[in-house]
file query.txt (compact mmCIF, C-alpha atoms)
# COMPACT_ATOMS: atom_id res chain seq x y z
CA MET A 1 55.72 76.83 91.70
CA GLY A 2 56.89 75.53 88.35
CA SER A 3 59.24 72.60 88.50
CA THR A 4 62.32 73.41 86.49
CA LEU A 5 63.77 69.91 86.33
CA ILE A 6 60.91 68.28 84.49
CA ASP A 7 60.36 71.38 82.34
CA SER A 8 63.97 71.51 81.20
CA GLU A 9 63.91 67.84 80.32
CA LEU A 10 60.65 68.16 78.41
CA VAL A 11 61.81 71.27 76.55
CA ARG A 12 65.02 69.49 75.59
CA ARG A 13 63.04 66.56 74.26
CA VAL A 14 60.72 68.78 72.21
CA GLN A 15 63.69 70.62 70.73
CA GLN A 16 65.15 67.28 69.71
CA GLY A 17 62.02 66.33 67.83
CA ASP A 18 59.92 64.63 70.49
CA LYS A 19 56.58 66.30 69.88
CA ALA A 20 54.81 64.13 72.45
CA ALA A 21 56.89 65.74 75.19
CA PHE A 22 55.10 69.00 74.47
CA ASP A 23 51.79 67.32 75.36
CA LEU A 24 53.04 66.99 78.91
CA LEU A 25 53.88 70.67 79.07
CA VAL A 26 50.35 71.41 77.87
CA VAL A 27 48.91 69.05 80.48
CA LYS A 28 51.01 70.63 83.15
CA TYR A 29 50.39 74.30 82.42
CA GLN A 30 47.00 74.40 80.74
CA GLN A 31 45.02 75.50 83.79
CA LYS A 32 47.49 78.20 84.76
CA VAL A 33 47.61 79.54 81.23
CA ILE A 34 43.81 79.51 80.93
CA ASN A 35 43.51 81.15 84.31
CA LEU A 36 45.96 83.87 83.27
CA ILE A 37 44.17 84.51 79.99
CA SER A 38 40.81 84.64 81.78
CA ARG A 39 42.06 87.77 83.50
CA PHE A 40 42.24 89.46 80.12
CA ILE A 41 39.32 87.78 78.41
CA SER A 42 36.08 87.11 80.24
CA ASP A 43 34.42 84.92 77.65
CA HIS A 44 35.47 81.36 78.46
CA SER A 45 35.26 80.05 74.88
CA GLU A 46 37.50 82.83 73.64
CA CYS A 47 39.73 82.17 76.56
CA TYR A 48 40.28 78.58 75.42
CA ASP A 49 40.85 79.72 71.86
CA VAL A 50 43.57 82.06 73.00
CA ALA A 51 45.04 79.42 75.27
CA GLN A 52 45.28 77.03 72.36
CA GLU A 53 46.87 79.71 70.24
CA THR A 54 49.32 80.37 73.06
CA PHE A 55 50.48 76.77 73.18
CA ILE A 56 50.82 76.54 69.41
CA LYS A 57 52.86 79.73 69.35
CA ALA A 58 54.98 78.40 72.17
CA TYR A 59 55.57 75.15 70.32
CA LYS A 60 56.63 77.00 67.18
CA ALA A 61 58.98 79.24 69.13
CA LEU A 62 60.41 76.52 71.33
CA GLY A 63 63.24 75.84 68.90
CA ASN A 64 64.63 79.25 69.78
CA PHE A 65 64.08 78.91 73.51
CA ARG A 66 67.53 78.82 75.11
CA GLY A 67 66.49 78.53 78.73
CA ASP A 68 67.55 82.05 79.69
CA SER A 69 64.35 82.21 81.73
CA GLN A 70 62.16 79.52 83.25
CA PHE A 71 59.91 77.82 80.73
CA TYR A 72 56.74 78.76 82.58
CA THR A 73 57.62 82.48 82.75
CA TRP A 74 58.39 82.37 79.04
CA LEU A 75 55.08 80.61 78.41
CA TYR A 76 53.11 83.06 80.56
CA ARG A 77 54.64 85.96 78.65
CA ILE A 78 53.44 84.42 75.40
CA ALA A 79 50.00 83.89 76.93
CA ALA A 80 49.72 87.48 78.13
CA ASN A 81 50.87 88.89 74.79
CA THR A 82 48.54 86.60 72.86
CA ALA A 83 45.61 87.68 75.03
CA LYS A 84 46.46 91.36 74.57
CA ASN A 85 46.85 90.93 70.82
CA HIS A 86 43.57 89.09 70.75
CA LEU A 87 41.83 91.95 72.50
CA ALA A 88 43.47 94.46 70.18
CA SER A 89 42.48 92.53 67.10
CA ARG A 90 38.93 92.14 68.39
CA GLY A 91 38.69 95.88 68.65
CA ARG A 92 38.94 95.97 64.90
CA LYS A 93 36.49 93.13 64.35
CA SER A 94 32.74 92.80 64.51
CA PRO A 95 31.32 91.75 67.88
CA ALA A 96 29.92 88.62 66.27
CA TYR A 97 33.49 87.38 65.84
CA SER A 98 32.74 86.48 62.28
CA VAL A 99 35.52 85.72 59.87
CA ASP A 100 35.38 87.46 56.53
CA VAL A 101 37.74 87.32 53.61
CA ASP A 102 40.09 89.89 55.10
CA ASP A 103 40.29 88.01 58.36
CA ALA A 104 40.81 84.58 56.84
CA GLU A 105 44.51 85.10 56.37
CA HIS A 106 44.84 86.32 59.91
CA PHE A 107 43.08 83.28 61.27
CA ASN A 108 45.12 80.90 59.15
CA GLY A 109 48.19 82.22 60.92
CA GLU A 110 46.59 81.36 64.20
CA SER A 111 46.15 77.73 63.32
CA GLY A 112 42.46 77.07 63.07
CA LEU A 113 40.69 77.85 66.32
CA LYS A 114 38.24 75.31 67.68
CA ASP A 115 34.82 75.92 69.08
CA TYR A 116 34.70 75.33 72.81
CA THR A 117 31.14 76.47 73.36
CA ASN A 118 29.75 72.96 73.50
CA PRO A 119 28.54 72.60 77.13
CA GLU A 120 29.23 68.87 77.12
CA ASN A 121 32.95 69.62 76.96
CA LEU A 122 32.89 72.07 79.81
CA LEU A 123 32.83 71.27 83.48
CA MET A 124 31.83 73.68 86.16
CA THR A 125 34.78 73.98 88.43
CA ASP A 126 32.65 74.42 91.54
CA GLU A 127 31.94 70.73 91.65
CA ILE A 128 35.58 69.88 91.13
CA LYS A 129 36.62 72.29 93.84
CA GLN A 130 34.11 70.92 96.34
CA THR A 131 35.20 67.37 95.63
CA ILE A 132 38.85 68.22 96.16
CA TYR A 133 38.24 70.26 99.32
CA ARG A 134 36.13 67.47 100.76
CA ALA A 135 38.82 64.89 99.96
CA ILE A 136 41.48 67.05 101.64
CA GLU A 137 39.35 67.38 104.76
CA ASN A 138 39.14 63.62 105.00
CA LEU A 139 42.89 63.14 104.81
CA PRO A 140 44.87 62.15 107.90
CA ASP A 141 46.60 65.15 109.46
CA ASP A 142 50.11 64.19 108.39
CA LEU A 143 49.05 63.82 104.74
CA LYS A 144 46.99 67.01 104.88
CA SER A 145 49.91 68.99 106.30
CA ALA A 146 52.34 67.60 103.75
CA ILE A 147 50.15 68.38 100.70
CA THR A 148 49.25 71.81 102.08
CA LEU A 149 52.86 72.76 102.74
CA ARG A 150 53.75 71.65 99.25
CA GLU A 151 50.87 73.00 97.14
CA ILE A 152 49.90 76.14 99.02
CA GLU A 153 53.09 77.18 100.78
CA GLY A 154 55.30 75.97 97.96
CA LEU A 155 57.92 74.42 100.23
CA SER A 156 60.47 71.99 98.87
CA TYR A 157 60.64 68.41 100.14
CA GLU A 158 63.69 69.31 102.22
CA GLU A 159 61.88 72.21 103.85
CA ILE A 160 58.79 70.11 104.53
CA ALA A 161 60.96 67.42 106.09
CA GLU A 162 62.41 70.03 108.41
CA VAL A 163 59.02 71.47 109.31
CA MET A 164 57.43 68.07 109.90
CA ASP A 165 60.57 66.65 111.48
CA CYS A 166 60.65 63.54 109.33
CA PRO A 167 62.84 62.08 106.55
CA ILE A 168 62.49 63.36 102.99
CA GLY A 169 61.37 59.90 101.86
CA THR A 170 58.45 60.15 104.27
CA VAL A 171 57.54 63.56 102.87
CA ARG A 172 57.63 62.15 99.36
CA SER A 173 55.42 59.27 100.39
CA ARG A 174 52.95 61.45 102.29
CA ILE A 175 52.51 63.88 99.43
CA PHE A 176 51.95 61.06 97.00
CA ARG A 177 49.44 59.32 99.28
CA ALA A 178 47.57 62.59 99.71
CA ARG A 179 47.38 63.13 95.96
CA ASP A 180 46.40 59.54 95.36
CA ALA A 181 43.58 59.75 97.92
CA ILE A 182 42.22 62.99 96.42
CA ASP A 183 42.61 61.58 92.92
CA LYS A 184 40.42 58.62 93.80
CA GLU A 185 37.58 61.06 94.51
CA LEU A 186 38.33 63.28 91.54
CA ARG A 187 38.73 60.63 88.86
CA PRO A 188 35.05 59.62 88.52
CA LEU A 189 34.15 63.26 88.02
CA LEU A 190 36.47 63.73 85.06
CA GLU A 191 35.98 60.42 83.28
CA MET B 1 51.62 51.62 88.79
CA SER B 2 51.58 53.02 92.32
CA ASP B 3 55.37 53.28 92.29
CA GLN B 4 55.27 55.02 88.92
CA ASN B 5 52.67 57.47 90.20
CA GLU B 6 54.80 58.18 93.24
CA LYS B 7 57.75 58.97 90.97
CA LEU B 8 55.46 61.13 88.86
CA SER B 9 54.25 62.92 91.98
CA SER B 10 57.77 63.71 93.16
CA LEU B 11 58.95 64.73 89.69
CA MET B 12 56.05 67.17 89.56
CA ASP B 13 57.51 68.72 92.67
CA ASP B 14 60.99 68.85 91.14
CA TYR B 15 62.29 66.19 93.47
CA ARG B 16 63.99 62.99 92.37
CA GLN B 17 66.01 60.40 94.16
CA THR B 18 67.95 59.06 91.21
CA ASP B 19 68.55 59.94 87.60
CA GLN B 20 66.40 56.94 86.74
CA ASP B 21 63.37 58.81 88.03
CA LEU B 22 63.45 60.80 84.80
CA SER B 23 62.66 57.57 82.97
CA VAL B 24 59.11 57.98 84.19
CA LEU B 25 58.78 60.67 81.52
CA ASP B 26 59.36 58.06 78.81
CA GLU B 27 56.51 55.97 80.12
CA LEU B 28 54.40 59.06 80.67
CA GLN B 29 54.72 60.11 77.04
CA GLY B 30 53.48 56.76 75.84
CA ASP B 31 50.76 56.23 78.41
CA VAL B 32 47.59 58.30 78.09
CA ASN B 33 46.30 57.06 81.46
CA GLN B 34 49.39 58.38 83.20
CA GLN B 35 48.99 61.68 81.40
CA TYR B 36 45.48 61.96 82.80
CA THR B 37 46.91 61.14 86.22
CA LEU B 38 49.41 63.98 85.82
CA GLN B 39 46.58 66.25 84.72
CA ARG B 40 44.55 65.42 87.82
CA TYR B 41 47.56 65.90 90.10
CA GLN B 42 48.06 69.30 88.52
CA LEU B 43 44.38 70.05 88.93
CA ILE B 44 44.54 69.32 92.66
CA GLY B 45 47.33 71.86 93.05
CA ASN B 46 45.49 74.40 90.89
CA VAL B 47 42.38 74.10 93.05
CA MET B 48 44.32 74.34 96.30
CA ARG B 49 46.04 77.52 95.07
CA ASN B 50 42.78 78.83 93.65
CA GLU B 51 44.23 78.92 90.14
CA LEU B 52 41.31 77.28 88.38
CA PRO B 53 39.17 79.19 85.88
CA ASP B 54 35.38 79.15 86.15
CA ARG B 55 35.06 76.32 83.73
CA ILE B 56 37.52 73.73 82.58
CA ARG B 57 37.70 71.68 79.47
CA VAL B 58 39.07 68.24 80.18
CA ASP B 59 40.05 67.52 76.58
CA PHE B 60 41.87 70.78 76.05
CA ALA B 61 45.27 69.09 75.91
CA ALA B 62 43.97 66.60 73.36
CA ALA B 63 42.63 69.47 71.24
CA VAL B 64 46.01 71.20 71.32
CA ARG B 65 47.69 67.93 70.43
CA THR B 66 45.44 67.57 67.38
CA GLU B 67 46.32 71.08 66.25
CA LEU B 68 50.00 70.48 66.78
CA GLU B 69 49.93 67.50 64.46
CA LYS B 70 49.86 70.03 61.61
CA GLU B 71 53.05 71.62 62.83
CA PRO B 72 56.47 70.41 61.73
CA VAL B 73 58.57 68.57 64.26
CA HIS B 74 61.51 70.39 65.81
CA ASN B 75 64.44 68.40 64.65
CA GLN B 76 68.05 68.30 65.64
CA SER B 77 69.10 69.81 62.34
CA VAL B 78 67.52 73.08 63.46
CA ASN B 79 69.38 72.99 66.70
CA GLN B 80 72.51 71.63 65.13
CA ALA B 81 72.43 74.46 62.65
CA ALA B 82 72.92 76.82 65.52
CA GLU B 83 75.21 74.69 67.60
CA PRO B 84 78.04 74.24 65.11
CA ARG B 85 78.58 77.98 65.23
CA HIS B 86 79.09 77.64 68.93
CA GLU B 87 81.22 74.56 68.46
CA SER B 88 83.16 76.22 65.67
CA ALA B 89 83.68 79.35 67.69
CA GLY B 90 84.60 77.19 70.63
CA PHE B 91 87.13 75.30 68.55
CA TRP B 92 88.79 78.40 67.19
CA SER B 93 88.80 80.16 70.50
CA MET B 94 90.10 76.96 72.06
CA PHE B 95 92.83 76.79 69.41
CA PHE B 96 93.75 80.46 69.10
CA LYS B 97 93.71 81.43 72.73
CA PRO B 98 96.60 79.15 73.74
CA VAL B 99 98.57 79.94 70.55
CA ALA B 100 98.10 83.67 70.98
CA GLY B 101 99.01 83.33 74.64
CA LEU B 102 102.08 81.34 73.71
CA ALA B 103 103.12 83.91 71.12
CA VAL B 104 102.77 86.74 73.61
CA ALA B 105 104.65 84.75 76.23
CA ALA B 106 107.45 83.96 73.77
CA THR B 107 107.73 87.60 72.72
CA VAL B 108 107.89 88.74 76.30
CA ALA B 109 110.44 86.05 77.11
CA VAL B 110 112.72 87.05 74.20
CA ALA B 111 112.43 90.71 75.10
CA THR B 112 113.15 89.94 78.73
CA ILE B 113 116.19 87.78 77.93
CA SER B 114 117.57 90.40 75.55
CA SER B 115 117.14 93.19 78.05
CA LEU B 116 118.62 91.16 80.88
CA GLN B 117 121.81 90.57 78.90
CA SER B 118 123.85 93.34 80.49
CA PRO B 119 126.66 94.95 78.45
CA SER B 120 128.90 94.51 81.47
CA THR B 121 128.62 90.71 81.29
CA PRO B 122 130.43 89.65 78.16
CA ARG B 123 129.92 86.20 76.66
CA ASP B 124 133.70 85.63 76.66
CA GLN B 125 135.37 87.51 79.47
CA SER B 126 138.96 86.82 78.36
CA THR B 127 138.31 88.00 74.82
CA ALA B 128 136.65 91.14 76.05
CA VAL B 129 139.48 91.98 78.45
CA ALA B 130 142.13 91.41 75.84
CA SER B 131 140.24 93.46 73.32
CA SER B 132 139.73 96.29 75.75
CA ASN B 133 143.45 96.36 76.69
CA SER B 134 144.63 96.44 73.11
CA SER B 135 142.21 99.10 72.05
CA GLN B 136 142.58 101.35 75.07
CA THR B 137 145.08 103.66 73.36
CA ARG B 138 142.87 104.06 70.30
CA ILE B 139 139.91 104.98 72.44
CA GLU B 140 142.06 107.61 74.08
CA GLN B 141 142.93 108.93 70.65
CA LEU B 142 139.28 109.04 69.80
CA ALA B 143 138.56 111.01 72.91
CA GLN B 144 141.13 113.65 71.88
CA ILE B 145 139.37 114.37 68.62
CA PRO B 146 137.22 117.47 68.93
CA PRO B 147 133.54 116.53 68.58
CA VAL B 148 131.57 117.64 65.60
CA SER B 149 129.27 120.35 66.71
CA LYS B 150 126.47 119.28 64.41
CA ALA B 151 125.93 115.83 63.06
CA GLN B 152 125.88 115.61 59.32
CA ARG B 153 124.30 113.02 57.16
CA VAL B 154 126.78 111.10 55.11
CA SER B 155 124.71 111.48 51.99
CA SER B 156 124.73 115.26 52.35
CA ASN B 157 128.56 115.48 51.82
CA PRO B 158 129.60 113.22 48.91
CA ALA B 159 133.23 114.34 49.07
CA LYS B 160 133.75 112.64 52.42
CA ALA B 161 131.49 109.69 51.79
CA ILE B 162 132.69 106.16 51.75
CA HIS B 163 132.01 104.87 48.30
CA ASP B 164 130.65 101.42 48.07
CA LYS B 165 131.80 99.55 45.00
CA GLY B 166 130.57 96.10 45.43
CA MET B 167 132.08 94.64 48.55
CA VAL B 168 135.15 96.88 48.53
CA TRP B 169 135.34 99.82 50.87
CA LYS B 170 137.66 102.53 49.86
CA ILE B 171 138.83 104.90 52.56
CA LYS B 172 140.41 108.19 51.68
CA ARG B 173 143.79 107.61 53.25
CA SER B 174 144.80 111.09 52.43
CA GLU B 175 142.69 112.26 55.35
CA PRO B 176 144.40 110.89 58.48
CA GLU B 177 141.97 112.61 60.76
CA MET B 178 139.07 110.78 59.15
CA GLN B 179 140.94 107.47 59.22
CA SER B 180 141.85 107.86 62.84
CA LYS B 181 138.28 108.72 63.71
CA LEU B 182 136.87 105.74 61.82
CA ASN B 183 139.38 103.37 63.35
CA ALA B 184 138.48 104.57 66.79
CA PHE B 185 134.80 104.00 66.00
CA LEU B 186 135.48 100.51 64.72
CA VAL B 187 137.54 99.56 67.74
CA ASN B 188 134.89 100.86 70.02
CA HIS B 189 132.20 98.96 68.18
CA ASN B 190 134.25 95.80 68.15
CA GLU B 191 134.75 95.93 71.88
CA TYR B 192 131.10 96.66 72.52
CA SER B 193 129.86 93.88 70.25
CA ASN B 194 132.17 91.38 71.98
CA SER B 195 130.49 92.17 75.23
CA MET B 196 126.96 91.64 73.80
CA ASN B 197 125.63 88.17 73.22
CA GLY B 198 123.95 87.65 69.90
CA ILE B 199 125.37 90.74 68.16
CA ILE B 200 127.60 90.17 65.20
CA PRO B 201 130.80 92.21 65.45
CA GLN B 202 130.58 94.03 62.15
CA SER B 203 133.80 95.92 62.91
CA ARG B 204 135.92 92.80 62.43
CA VAL B 205 134.89 92.52 58.82
CA VAL B 206 135.19 96.22 58.18
CA GLY B 207 138.37 96.53 60.16
CA PHE B 208 139.97 93.68 58.23
CA ASP B 209 139.04 95.31 54.99
CA GLY B 210 140.32 98.63 56.20
CA GLN B 211 143.72 97.20 57.14
CA LYS B 212 144.23 95.97 53.63

call {"tool": "encode", "arguments": {"input": "query.txt", "output": "structure tokens"}}
result
Amino acid sequence: MGSTLIDSELVRRVQQGDKAAFDLLVVKYQQKVINLISRFISDHSECYDVAQETFIKAYKALGNFRGDSQFYTWLYRIAANTAKNHLASRGRKSPAYSVDVDDAEHFNGESGLKDYTNPENLLMTDEIKQTIYRAIENLPDDLKSAITLREIEGLSYEEIAEVMDCPIGTVRSRIFRARDAIDKELRPLLE
Amino acid sequence: MSDQNEKLSSLMDDYRQTDQDLSVLDELQGDVNQQYTLQRYQLIGNVMRNELPDRIRVDFAAAVRTELEKEPVHNQSVNQAAEPRHESAGFWSMFFKPVAGLAVAATVAVATISSLQSPSTPRDQSTAVASSNSSQTRIEQLAQIPPVSKAQRVSSNPAKAIHDKGMVWKIKRSEPEMQSKLNAFLVNHNEYSNSMNGIIPQSRVVGFDGQK
């Protein structure tokens, strides 16, 4: 489901010194990475810590990334390994997750983890999900079909055009209009 | 803005109409509002594919960005440090491959030309024919000499050796059998070398000296 074109361009920009380009990769893959890590780590605050660590590790290693694999598979591998290492290291630590002198060096290497336990910064996804599902139900059929074929079935624009028997430009427009309509419902919830 | 969002939407799906569509990334990097739009577009897909965790943190990307400010920027010098090796290797391979190929080709060509020069096709037919006619009797004389049963090294029998004093060759004329044999060899060599392109007829020099 990852788009290789935009990823390759963003990776190239980061490697050439454009740090802001990495922000877009974070924006793009944050939920998938967090979702992956949540399969290893049940505690959501720890999950975000590890996700942050994953992205920082990825940024540091990106200079050596040569594009032999897709960026997102490379990133997911880092996420999985970071989660496993986190679990392994926690096995040696106190349950309270306290940092003593011996652990300080270890945590310095993991770039200062932030506290995500503040409830004000967390949103229950149920509300987001209901809002999005409701917005999709209200879409016209052609827009609903286009966004469903794209996001759930993972079809390309060419394939959707064939399925829906319409030009690719129409597919592009329908998918955008569907997203835009859902976004109008979603935006107030996230602002 | 709507047009930009449409380009953003299609780029997300790895579809673009023109190369200029990539320019939306430039604007995206400098526009926080567009980044939030991208984030929401991604969120829609995550929800539809059921890829959303139980809770989400909307400022997660901003938190990562803050942490990344401590990290050094990847610069071209890092990449360029690796690339010159490739470029250098590319240059040398680009230079050496044709030269090596040319050298091999030249060697093969020389060997082929040399081997194709048949002894039966003399460079100067008239010279070869004349030489062969004049030396025919000497070759017949050579053929009448009984062959030596076992070849001997010249150095192993100093009495019969040809002594080299500077550029003068002294033949023991008191041994007609030896002289006749040598003459026959020289004639034979002279005829053979006339029929081979590129081979210096050593026998002419030696033969001239011998006739003195």

call {"tool": "interface_residues", "arguments": {"input": "query.txt", "of": "chain B", "to": "chain A", "cutoff": "6 Å", "atoms": "all atoms listed in the file", "output": "list of chain:residue names"}}
result
B:Glu6, B:Ser9, B:Asp13, B:Asp14, B:Gln39, B:Gly45, B:Arg49, B:Pro53, B:Asp54, B:Arg55, B:Ile56, B:Arg57, B:Ala61, B:Val64, B:Val73, B:His74, B:Asn75, B:Gln76

call {"tool": "atom_distance", "arguments": {"input": "query.txt", "atom1": "atom CA of Gln4 of chain B", "atom2": "atom CA of Tyr41 of chain B"}}
result
13.4 Å

call {"tool": "atom_distance", "arguments": {"input": "query.txt", "atom1": "atom CA of Gln29 of chain B", "atom2": "atom CA of Val47 of chain B"}}
result
24.6 Å

call {"tool": "atom_distance", "arguments": {"input": "query.txt", "atom1": "atom CA of Leu189 of chain A", "atom2": "atom CA of Gln35 of chain B"}}
result
16.3 Å

call {"tool": "closest_residue", "arguments": {"input": "query.txt", "among": "B:Ala62, B:Lys7, B:Gln34, B:Leu68", "to": "Leu22 of chain B", "atoms": "only C-alpha atoms"}}
result
B:Lys7

call {"tool": "axis_aligned_box", "arguments": {"input": "query.txt", "around": "segment 22-36 of chain B", "padding_each_side": "4 Å", "output": "lines of an AutoDock Vina configuration file"}}
result
center_x = 54.5
center_y = 59.0
center_z = 80.3
size_x = 26.0
size_y = 14.0
size_z = 17.0
